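Participant: The structure that follows is given in the form of structure tokens.
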Amino acid sequence: MRSMERNKTTIYYALYQGKHPVLDDDGYETGEYTNSYSKPVSFKIRVSPNKGNSENEVFGKNLDYDRVMNTSDKRFPIDEFSILWVDKVPVIEDDGTTNTPHDFTVVRVAKDLNEWVYAIKKVG
């Protein structure tokens, strides 16, 4: 019932691809690294309006999260290293990259037989 089409909203996600070295103007490594993510991809999923209390807390009582997303679509590939655009729509350039900062990160994933639940936290 939570995965009814009318309850879903479109979000964007990018998957973590690893750390890459930062290069200076001459092309030498600076010793610093930056996180690399895939191109943003859209997906329709049920997103709760805000964090609420329920009798059965899926993620426990000590986890700090703001909203919950849930889907029965097992093809949704995000994990705890992914970044999300939930309240924002990223402006995607011709090469597939974006300069729009993400607004949520994934805190925890709970997989069940029929449904996957994601705890997400607002950034900044």
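In the structure tokens, the first chain shown is A, the next is B, and so on; residue numbers restart at 1 for each chain, and ligands run from 1 in the order shown.
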Please run DSSP on the backbone and report, as a PyMOL selection string, all residues within chain A that come out as strand (DSSP E or B).
Facilitator: chain A and resi 8-14+16-23+29-37+41-47+67-71+83-85+92+98+104-111+116-122
Participant: Would you pick out the contacts of Asp87 in chain A at 9 Å or less, using only C-alpha atoms, so that residues sharing its chain but fewer than 5 positions from it are not included, and give the list as a list in words?
Facilitator: Ile11, Asp103 and Phe104 of chain A
Participant: Between CA of Val89 in chain A and CA of Trp116 in chain A, what is the spacing in Å?
Facilitator: 23.4 Å
Participant: Please provide the set of residues having any atom within 7 Å of Val41 in chain A, restricted to only C-alpha atoms, with same-chain residues fewer than 5 positions apart removed, written as number ranges by chain.
Facilitator: A: 12-14
Participant: Those residues with N, CA and C atoms, as a PDB file, in the first residue's frame please?
Facilitator:
ATOM      1  N   TYR A  12      16.175  12.234  -7.022  1.00  0.00           N
ATOM      2  CA  TYR A  12      17.376  11.939  -7.806  1.00  0.00           C
ATOM      3  C   TYR A  12      18.416  11.370  -6.857  1.00  0.00           C
ATOM      4  N   TYR A  13      19.199  10.416  -7.335  1.00  0.00           N
ATOM      5  CA  TYR A  13      20.258   9.827  -6.527  1.00  0.00           C
ATOM      6  C   TYR A  13      21.523   9.702  -7.354  1.00  0.00           C
ATOM      7  N   ALA A  14      22.653   9.687  -6.641  1.00  0.00           N
ATOM      8  CA  ALA A  14      23.952   9.438  -7.267  1.00  0.00           C
ATOM      9  C   ALA A  14      24.691   8.430  -6.403  1.00  0.00           C
TER      10      ALA A  14
END
Participant: Nearest to Glu5 in chain A: which of A:Ser72, A:Thr34, A:Asn50, A:Ser42 is it, counting only C-alpha atoms?
Facilitator: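 Using only C-alpha atoms, the shortest distance to Glu5 in chain A belongs to A:Ser72.
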Participant: Report as a VMD selection string all protein, DNA and RNA residues lying within 8 Å of Ala119 in chain A, evaluated on only C-alpha atoms, omitting residues in the same chain fewer than 6 positions from it.
Facilitator: chain A and resid 59 65 to 69 106 to 109
Participant: So which residues touch Asn7 in chain A within 12 Å, counting only C-alpha atoms, skipping near sequence neighbours fewer than 6 positions away, as a list in words?
Facilitator: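 Result of the neighbour search: Met1, Lys44, Ile45, Arg46, Val47, Ser48, Pro49, Met69, Asn70 and Thr71 of chain A.
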Participant: So that I have them on file, write out the residues from the current selection with N, CA, C and O atoms, as a compact mmCIF listing (two decimals), in the first residue's frame.
Facilitator:
# COMPACT_ATOMS: atom_id res chain seq x y z
N MET A 1 0.81 -1.19 0.00
CA MET A 1 0.00 0.00 0.00
C MET A 1 0.86 1.26 0.00
O MET A 1 0.51 2.25 -0.58
N LYS A 44 11.21 7.12 -8.81
CA LYS A 44 9.97 7.41 -8.09
C LYS A 44 9.89 6.50 -6.88
O LYS A 44 9.98 5.28 -7.00
N ILE A 45 9.72 7.12 -5.69
CA ILE A 45 9.71 6.38 -4.44
C ILE A 45 8.83 7.09 -3.42
O ILE A 45 8.61 8.30 -3.53
N ARG A 46 8.34 6.37 -2.45
CA ARG A 46 7.54 6.95 -1.37
C ARG A 46 8.49 7.58 -0.36
O ARG A 46 9.40 6.93 0.15
N VAL A 47 8.30 8.89 -0.08
CA VAL A 47 9.12 9.62 0.89
C VAL A 47 8.19 10.16 1.96
O VAL A 47 7.19 10.82 1.65
N SER A 48 8.51 9.90 3.22
CA SER A 48 7.67 10.40 4.30
C SER A 48 7.80 11.92 4.39
O SER A 48 8.83 12.48 4.04
N PRO A 49 6.76 12.61 4.87
CA PRO A 49 6.84 14.07 4.96
C PRO A 49 7.83 14.54 6.02
O PRO A 49 8.44 15.58 5.88
N MET A 69 12.26 6.75 3.40
CA MET A 69 11.80 6.39 2.06
C MET A 69 11.56 4.89 2.04
O MET A 69 12.29 4.14 2.70
N ASN A 70 10.54 4.45 1.31
CA ASN A 70 10.33 3.01 1.20
C ASN A 70 9.82 2.66 -0.19
O ASN A 70 9.13 3.43 -0.84
N THR A 71 10.23 1.47 -0.63
CA THR A 71 9.85 0.98 -1.96
C THR A 71 9.81 -0.54 -1.94
O THR A 71 10.46 -1.18 -1.11
Participant: What separation in Å, quoted to one decimal, exists between CA of Thr100 in chain A and CA of Leu84 in chain A?
Facilitator: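 We find that CA of Thr100 in chain A and CA of Leu84 in chain A lie 10.9 Å from each other.
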Participant: What is the distance, in Å and to one decimal place, between CA of Leu23 in chain A and CA of Trp85 in chain A?
Facilitator: 27.8 Å
Participant: Show me, as a ChimeraX atom specification, the residues that have an atom within 9 Å of Thr98 in chain A when counting only C-alpha atoms, minus same-chain residues fewer than 6 positions from it.
Facilitator: /A:39-40,90-92
Participant: Could you tell me which of A:Phe76, A:Tyr37, A:Phe43, A:Tyr118 comes closest to Gln17 in chain A if we count only C-alpha atoms?
Facilitator: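 Under the stated criterion, the closest residue is A:Tyr37.
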